[in-house]
>>> print(open('entry.cif').read())   # mmCIF, C-alpha atoms and all ligand atoms
data_upload
loop_
_atom_site.label_atom_id
_atom_site.label_comp_id
_atom_site.auth_asym_id
_atom_site.auth_seq_id
_atom_site.Cartn_x
_atom_site.Cartn_y
_atom_site.Cartn_z
CA MET A 1 0.00 0.00 0.00
CA LYS A 2 1.42 3.34 -1.05
CA VAL A 3 0.15 6.80 -0.15
CA ILE A 4 0.49 9.45 -2.85
CA PHE A 5 1.16 12.87 -1.35
CA HIS A 6 2.81 16.16 -2.30
CA LYS A 7 3.80 18.82 0.20
CA ARG A 8 2.04 21.44 -1.92
CA PHE A 9 -1.23 19.90 -0.67
CA TYR A 10 -0.45 21.66 2.62
CA GLU A 11 -0.96 25.02 0.87
CA VAL A 12 -4.14 26.90 1.69
CA TYR A 13 -5.10 27.56 -1.94
CA THR A 14 -8.55 29.01 -1.21
CA HIS A 15 -11.07 29.59 1.57
CA ASP A 16 -13.21 26.50 1.88
CA PRO A 17 -13.34 23.60 4.36
CA ALA A 18 -11.35 21.28 2.08
CA ALA A 19 -8.50 23.81 1.86
CA LEU A 20 -8.25 24.64 5.57
CA PRO A 21 -4.85 24.65 7.28
CA GLY A 22 -4.21 21.57 9.43
CA ARG A 23 -6.40 19.21 7.41
CA MET A 24 -3.63 17.47 5.48
CA GLU A 25 -1.32 17.59 8.50
CA ALA A 26 -3.86 15.65 10.57
CA ILE A 27 -3.93 12.84 8.00
CA VAL A 28 -0.19 12.78 7.33
CA ASN A 29 0.49 12.54 11.06
CA ALA A 30 -1.79 9.52 11.34
CA LEU A 31 -0.35 7.70 8.31
CA GLN A 32 3.32 8.49 8.07
CA ARG A 33 4.66 5.85 10.42
CA GLU A 34 2.69 3.03 8.85
CA PHE A 35 2.66 3.73 5.11
CA GLU A 36 5.20 4.55 2.44
CA PHE A 37 4.66 7.95 0.84
CA VAL A 38 5.41 8.74 -2.81
CA GLU A 39 5.22 12.08 -4.62
CA PRO A 40 3.02 12.55 -7.71
CA GLU A 41 3.76 14.29 -10.99
CA PRO A 42 1.18 16.86 -12.06
CA ALA A 43 -1.47 15.72 -14.53
CA SER A 44 -1.03 17.23 -17.99
CA ASP A 45 -3.66 19.36 -19.73
CA ARG A 46 -4.17 16.38 -22.03
CA ASP A 47 -5.00 14.22 -19.01
CA ILE A 48 -7.44 16.85 -17.70
CA GLU A 49 -9.07 17.26 -21.12
CA ARG A 50 -10.12 13.61 -21.21
CA VAL A 51 -12.76 14.71 -18.66
CA HIS A 52 -13.08 18.49 -18.84
CA GLY A 53 -13.84 20.93 -21.63
CA ARG A 54 -11.38 23.60 -22.76
CA GLU A 55 -13.43 26.41 -21.24
CA HIS A 56 -13.51 24.76 -17.83
CA LEU A 57 -9.78 24.15 -17.94
CA ARG A 58 -9.23 27.77 -18.95
CA SER A 59 -11.34 29.06 -16.07
CA VAL A 60 -9.38 26.99 -13.51
CA LYS A 61 -6.15 28.30 -15.06
CA GLY A 62 -7.31 31.77 -14.05
CA ASP A 63 -5.88 31.05 -10.59
CA ASP A 64 -2.29 29.82 -10.90
CA GLN A 65 -2.14 28.25 -7.45
CA VAL A 66 -5.44 26.39 -7.76
CA TYR A 67 -4.48 25.20 -11.25
CA GLU A 68 -1.06 23.91 -10.14
CA ILE A 69 -2.31 22.14 -7.03
CA GLY A 70 -5.35 20.86 -8.95
CA CYS A 71 -3.03 19.28 -11.53
CA LEU A 72 -0.99 17.69 -8.72
CA ALA A 73 -4.17 16.29 -7.16
CA ALA A 74 -5.30 14.80 -10.48
CA GLY A 75 -1.75 13.51 -10.98
CA GLY A 76 -1.91 11.90 -7.54
CA ALA A 77 -5.09 10.07 -8.55
CA ILE A 78 -3.42 8.97 -11.80
CA GLN A 79 -0.44 7.60 -9.88
CA ALA A 80 -2.68 5.75 -7.40
CA ALA A 81 -4.57 4.22 -10.34
CA GLU A 82 -1.34 3.23 -12.11
CA LEU A 83 0.00 1.54 -8.98
CA ALA A 84 -3.28 -0.28 -8.47
CA TRP A 85 -3.26 -1.38 -12.10
CA GLN A 86 0.26 -2.76 -11.57
CA GLY A 87 -1.00 -4.73 -8.57
CA GLU A 88 -0.19 -2.50 -5.61
CA PRO A 89 -3.08 -0.92 -3.69
CA ALA A 90 -2.70 2.84 -3.30
CA PHE A 91 -4.34 5.91 -1.83
CA GLY A 92 -4.22 9.43 -3.19
CA LEU A 93 -3.95 11.74 -0.19
CA ILE A 94 -4.84 14.74 -2.32
CA ARG A 95 -6.72 18.01 -2.40
CA PRO A 96 -8.65 19.77 -3.85
CA PRO A 97 -11.24 16.97 -3.93
CA GLY A 98 -12.89 16.12 -7.24
CA HIS A 99 -16.26 14.39 -7.25
CA HIS A 100 -18.30 17.62 -7.70
CA ALA A 101 -16.31 18.55 -10.81
CA SER A 102 -18.31 17.89 -13.99
CA PRO A 103 -16.96 18.14 -17.56
CA HIS A 104 -17.94 21.81 -17.91
CA SER A 105 -18.47 23.08 -14.38
CA CYS A 106 -17.53 22.54 -10.76
CA TRP A 107 -18.65 23.41 -7.24
CA GLY A 108 -18.35 22.02 -3.71
CA PHE A 109 -14.62 22.72 -3.20
CA CYS A 110 -13.74 20.77 -6.41
CA TYR A 111 -12.01 21.85 -9.65
CA PHE A 112 -10.88 18.76 -11.58
CA ASN A 113 -12.47 15.34 -11.16
CA ASN A 114 -9.41 13.46 -9.94
CA VAL A 115 -10.83 9.94 -9.95
CA ALA A 116 -12.45 10.46 -13.37
CA VAL A 117 -9.20 11.79 -14.86
CA ALA A 118 -7.37 8.71 -13.54
CA ILE A 119 -9.91 6.19 -14.82
CA LYS A 120 -10.16 7.90 -18.23
CA LYS A 121 -6.39 7.72 -18.57
CA LEU A 122 -6.28 3.96 -17.91
CA LEU A 123 -9.16 3.48 -20.36
CA SER A 124 -7.54 5.60 -23.07
CA GLU A 125 -4.28 3.69 -22.73
CA GLY A 126 -6.13 0.41 -23.13
CA LYS A 127 -4.98 -0.81 -19.72
CA ILE A 128 -8.54 -1.38 -18.52
CA LYS A 129 -11.83 -1.90 -20.32
CA ASN A 130 -14.12 -1.05 -17.40
CA ALA A 131 -14.14 0.20 -13.83
CA LEU A 132 -16.31 0.47 -10.76
CA ILE A 133 -16.20 3.72 -8.80
CA LEU A 134 -17.51 3.44 -5.24
CA ASP A 135 -18.14 6.80 -3.57
CA PHE A 136 -18.70 6.73 0.20
CA ASP A 137 -18.49 10.48 0.73
CA LEU A 138 -21.51 11.99 2.47
CA HIS A 139 -22.38 13.89 -0.72
CA PHE A 140 -23.40 12.53 -4.12
CA GLY A 141 -20.59 12.83 -6.66
CA ASP A 142 -22.57 14.61 -9.35
CA GLY A 143 -19.39 15.41 -11.26
CA THR A 144 -18.40 11.76 -11.51
CA GLU A 145 -21.95 10.75 -12.42
CA ASN A 146 -22.08 13.42 -15.14
CA THR A 147 -18.68 12.41 -16.51
CA PHE A 148 -19.66 8.78 -16.99
CA GLU A 149 -23.36 9.20 -17.73
CA GLY A 150 -24.39 6.66 -20.37
CA SER A 151 -20.99 4.96 -20.20
CA HIS A 152 -20.91 1.21 -20.63
CA GLU A 153 -17.38 1.10 -19.26
CA VAL A 154 -17.65 2.86 -15.91
CA THR A 155 -20.20 2.23 -13.17
CA TYR A 156 -20.59 4.86 -10.46
CA VAL A 157 -22.22 3.92 -7.16
CA HIS A 158 -23.02 6.17 -4.21
CA PRO A 159 -24.70 4.06 -1.51
CA GLY A 160 -27.42 5.61 0.60
CA GLY A 161 -29.33 4.95 3.79
CA SER A 162 -31.12 6.83 6.52
CA ASN A 163 -29.12 5.28 9.34
CA ARG A 164 -25.80 3.53 9.93
CA GLU A 165 -27.13 -0.01 9.53
CA SER A 166 -29.07 0.64 6.32
CA TYR A 167 -26.19 2.64 4.87
CA LEU A 168 -23.61 -0.09 5.50
CA LYS A 169 -26.03 -2.72 4.18
CA ASP A 170 -26.52 -0.74 0.97
CA LEU A 171 -22.78 -0.22 0.56
CA GLN A 172 -22.06 -3.90 1.11
CA GLY A 173 -24.87 -4.81 -1.29
CA SER A 174 -23.37 -2.62 -3.99
CA LEU A 175 -20.22 -4.76 -3.74
CA GLN A 176 -22.08 -8.04 -4.00
CA ARG A 177 -23.37 -7.72 -7.53
CA GLY A 178 -20.71 -10.04 -8.88
CA LYS A 179 -19.89 -8.44 -12.22
CA PRO A 180 -16.14 -8.41 -12.84
CA TYR A 181 -14.32 -5.09 -13.36
CA ASP A 182 -10.73 -4.40 -14.33
CA ILE A 183 -10.29 -2.07 -11.34
CA ILE A 184 -12.22 -0.59 -8.41
CA ALA A 185 -11.69 3.06 -7.49
CA VAL A 186 -12.96 4.59 -4.27
CA SER A 187 -13.97 8.22 -3.83
CA ALA A 188 -13.18 8.21 -0.12
CA GLY A 189 -14.87 11.04 1.72
CA PHE A 190 -14.95 10.85 5.49
CA ASP A 191 -17.65 13.47 6.15
CA ARG A 192 -20.23 10.77 6.99
CA HIS A 193 -18.38 10.01 10.27
CA GLU A 194 -20.30 10.36 13.54
CA ASP A 195 -18.17 13.38 14.54
CA ASP A 196 -18.22 14.97 11.07
CA TRP A 197 -21.03 16.60 9.04
CA GLY A 198 -22.99 13.39 8.40
CA GLY A 199 -23.01 12.13 11.99
CA MET A 200 -23.32 8.45 11.05
CA LEU A 201 -20.34 6.11 10.70
CA THR A 202 -17.77 5.00 13.27
CA THR A 203 -14.02 4.86 12.73
CA GLU A 204 -14.31 1.04 12.79
CA ASP A 205 -16.82 1.19 9.93
CA TYR A 206 -14.12 2.61 7.65
CA LEU A 207 -11.97 -0.44 8.46
CA SER A 208 -14.89 -2.68 7.44
CA ILE A 209 -15.47 -0.72 4.21
CA GLY A 210 -11.77 -1.01 3.37
CA LYS A 211 -11.90 -4.78 3.92
CA TRP A 212 -15.02 -5.15 1.77
CA VAL A 213 -13.38 -3.20 -1.07
CA ARG A 214 -10.23 -5.31 -0.73
CA GLN A 215 -12.21 -8.55 -0.90
CA PHE A 216 -14.30 -7.31 -3.83
CA SER A 217 -11.14 -6.41 -5.72
CA ILE A 218 -9.64 -9.84 -5.07
CA ASP A 219 -12.82 -11.61 -6.17
CA HIS A 220 -13.70 -9.43 -9.17
CA CYS A 221 -10.87 -7.03 -10.14
CA GLN A 222 -7.62 -9.07 -9.95
CA GLY A 223 -6.91 -7.28 -6.69
CA ARG A 224 -6.70 -3.87 -8.36
CA ARG A 225 -7.94 -1.19 -5.98
CA PHE A 226 -7.21 2.40 -5.09
CA GLY A 227 -8.80 5.28 -3.27
CA VAL A 228 -8.60 9.06 -3.39
CA LEU A 229 -9.53 11.55 -0.71
CA GLU A 230 -12.72 13.54 -1.22
CA GLY A 231 -14.38 15.17 1.85
CA GLY A 232 -13.85 14.92 5.59
CA TYR A 233 -13.68 18.06 7.70
CA ASN A 234 -13.23 17.30 11.40
CA HIS A 235 -9.47 17.38 11.77
CA SER A 236 -9.58 15.73 15.19
CA VAL A 237 -10.94 12.43 13.75
CA LEU A 238 -10.02 12.62 10.05
CA GLY A 239 -6.55 11.10 10.43
CA ARG A 240 -7.69 8.03 12.28
CA ASN A 241 -10.62 7.53 9.89
CA VAL A 242 -8.37 7.57 6.83
CA LYS A 243 -5.92 5.25 8.61
CA SER A 244 -8.72 2.83 9.49
CA PHE A 245 -9.89 2.69 5.85
CA LEU A 246 -6.35 2.12 4.58
CA GLN A 247 -5.73 -0.65 7.10
CA GLY A 248 -8.77 -2.44 5.71
CA LEU A 249 -7.84 -1.76 2.09
CA SER A 250 -4.22 -2.92 2.33
CA ASP A 251 -3.00 -6.51 2.29
ZN ZN B 1 -18.66 15.46 1.01
#
>>> encode(input="entry.cif", output="structure tokens")
Amino acid sequence: MKVIFHKRFYEVYTHDPAALPGRMEAIVNALQREFEFVEPEPASDRDIERVHGREHLRSVKGDDQVYEIGCLAAGGAIQAAELAWQGEPAFGLIRPPGHHASPHSCWGFCYFNNVAVAIKKLLSEGKIKNALILDFDLHFGDGTENTFEGSHEVTYVHPGGSNRESYLKDLQGSLQRGKPYDIIAVSAGFDRHEDDWGGMLTTEDYLSIGKWVRQFSIDHCQGRRFGVLEGGYNHSVLGRNVKSFLQGLSD
């Protein structure tokens, strides 16, 4: 298991909860003794343009810092996907998040759809023919849904439920429809935690989710699995939640 991280993700590139100071530090502190860190290369404009239109790319380029860190975040997702494709599970510890970034617009603290850029790159290179994207962030990833709408190659699932039990049951159920995929990607947002905005899941639940994804990947995806960070805003629990998920996801 490798963690993809760049020190530029510490930068406070804008004023929103995903960009707050201390957020990345909390996660790095929790992970650095247990996991090997590697640094990403920035995604190229060509990589970004597999998902986003020219106008959207141009508008993000209007802010140099957001554009540069956004390209590093997308590059981090690409590297996590590449490692997973080669057989090593990986996690992109990246920001800005991406799942609210659609081909021609974005909102919700997102600019480029990191997981979509990564999956599109593997598809375009012929390394995979299909993919499953599981999104357990509190919020629906409209950007990811819009990117792959009508796609026969990529399935996007965002489990739901009105309480912890029904949510976990729905998530587990979404991993039991036994169709094989060439890779599973996880949009890992931790804002559904009991001490975060969603007020629902425990830290232990993220360990369980990680284990379910691991087992699904072994049964249906040749073991290929990776995650990328989306939301998660309570710095006092975020580090241990990410760590719990990665402990479940790793071998
Ligand atoms: Zn969220």
>>> residues_around(input="entry.cif", residues="segment 30-42 of chain A", least_positions_apart="4", cutoff="6 Å", atoms="all atoms listed in the file", output="number ranges by chain")
A: 2-6, 71-72, 75-76, 239
>>> residues_near_ligand(input="entry.cif", ligand="ligand ZN 1 (chain B)", cutoff="10 Å", atoms="all atoms listed in the file", output="PyMOL selection string")
chain A and resi 18+97+99-100+108-109+135-141+187-192+197-198+230-233
>>> residues_near_point(input="entry.cif", point="(-23.4, 6.8, -8.7)", cutoff="9 Å", atoms="only C-alpha atoms", output="PyMOL selection string")
chain A and resi 133-135+140-142+144-145+155-159
>>> residues_around(input="entry.cif", residues="Val12 of chain A", least_positions_apart="6", cutoff="7 Å", atoms="only C-alpha atoms", output="ChimeraX atom specification")
/A:19-21
>>> write_last_selection(input="entry.cif", atoms="C-alpha atoms", output="CSV table (one decimal), keeping the file's coordinate frame")
chain,number,residue,atom,x,y,z
A,19,ALA,CA,-8.5,23.8,1.9
A,20,LEU,CA,-8.2,24.6,5.6
A,21,PRO,CA,-4.8,24.6,7.3
>>> atom_distance(input="entry.cif", atom1="atom CA of Ala80 of chain A", atom2="atom CA of Ser250 of chain A")
13.1 Å
>>> residues_around(input="entry.cif", residues="Gln86 of chain A", least_positions_apart="4", cutoff="9 Å", atoms="all atoms listed in the file", output="MDAnalysis selection string")
chainID A and resid 81:82 224
>>> closest_residue(input="entry.cif", among="A:Tyr10, A:Pro96, A:Gly178, A:Ala118", to="Gly22 of chain A", atoms="all atoms listed in the file")
A:Tyr10
>>> closest_residue(input="entry.cif", among="A:Met1, A:Val28, A:Ala101, A:Ala185", to="Ile48 of chain A", atoms="all atoms listed in the file")
A:Ala101
>>> closest_residue(input="entry.cif", among="A:Leu171, A:Leu132, A:Ala90, A:Ile218", to="Val154 of chain A", atoms="only C-alpha atoms")
A:Leu132
>>> axis_aligned_box(input="entry.cif", around="segment 194-199 of chain A", padding_each_side="4 Å", output="lines of an AutoDock Vina configuration file")
center_x = -20.6
center_y = 13.5
center_z = 11.5
size_x = 12.8
size_y = 14.2
size_z = 14.1
>>> build_atoms(input="entry.cif", residues="segment 179-190 of chain A", atoms="N, CA and C atoms", output="short mmCIF file (atom, residue, chain, number, x, y, z; two decimals), in the coordinates of the input")
data_model
loop_
_atom_site.label_atom_id
_atom_site.label_comp_id
_atom_site.auth_asym_id
_atom_site.auth_seq_id
_atom_site.Cartn_x
_atom_site.Cartn_y
_atom_site.Cartn_z
N LYS A 179 -20.46 -8.68 -10.89
CA LYS A 179 -19.89 -8.44 -12.22
C LYS A 179 -18.40 -8.14 -12.09
N PRO A 180 -17.57 -8.72 -12.93
CA PRO A 180 -16.14 -8.41 -12.84
C PRO A 180 -15.82 -7.02 -13.44
N TYR A 181 -14.85 -6.36 -12.85
CA TYR A 181 -14.32 -5.09 -13.36
C TYR A 181 -12.81 -5.21 -13.42
N ASP A 182 -12.19 -4.37 -14.24
CA ASP A 182 -10.73 -4.40 -14.33
C ASP A 182 -10.08 -3.65 -13.18
N ILE A 183 -10.85 -2.81 -12.48
CA ILE A 183 -10.29 -2.07 -11.34
C ILE A 183 -11.47 -1.50 -10.52
N ILE A 184 -11.25 -1.33 -9.22
CA ILE A 184 -12.22 -0.59 -8.41
C ILE A 184 -11.52 0.65 -7.84
N ALA A 185 -12.17 1.79 -8.03
CA ALA A 185 -11.69 3.06 -7.49
C ALA A 185 -12.65 3.53 -6.41
N VAL A 186 -12.12 4.12 -5.36
CA VAL A 186 -12.96 4.59 -4.27
C VAL A 186 -12.81 6.10 -4.10
N SER A 187 -13.93 6.82 -4.23
CA SER A 187 -13.97 8.22 -3.83
C SER A 187 -14.22 8.21 -2.32
N ALA A 188 -13.14 8.41 -1.57
CA ALA A 188 -13.18 8.21 -0.12
C ALA A 188 -13.34 9.55 0.59
N GLY A 189 -14.59 9.85 0.92
CA GLY A 189 -14.87 11.04 1.72
C GLY A 189 -15.27 10.59 3.12
N PHE A 190 -14.77 11.30 4.11
CA PHE A 190 -14.95 10.85 5.49
C PHE A 190 -15.91 11.77 6.26
#
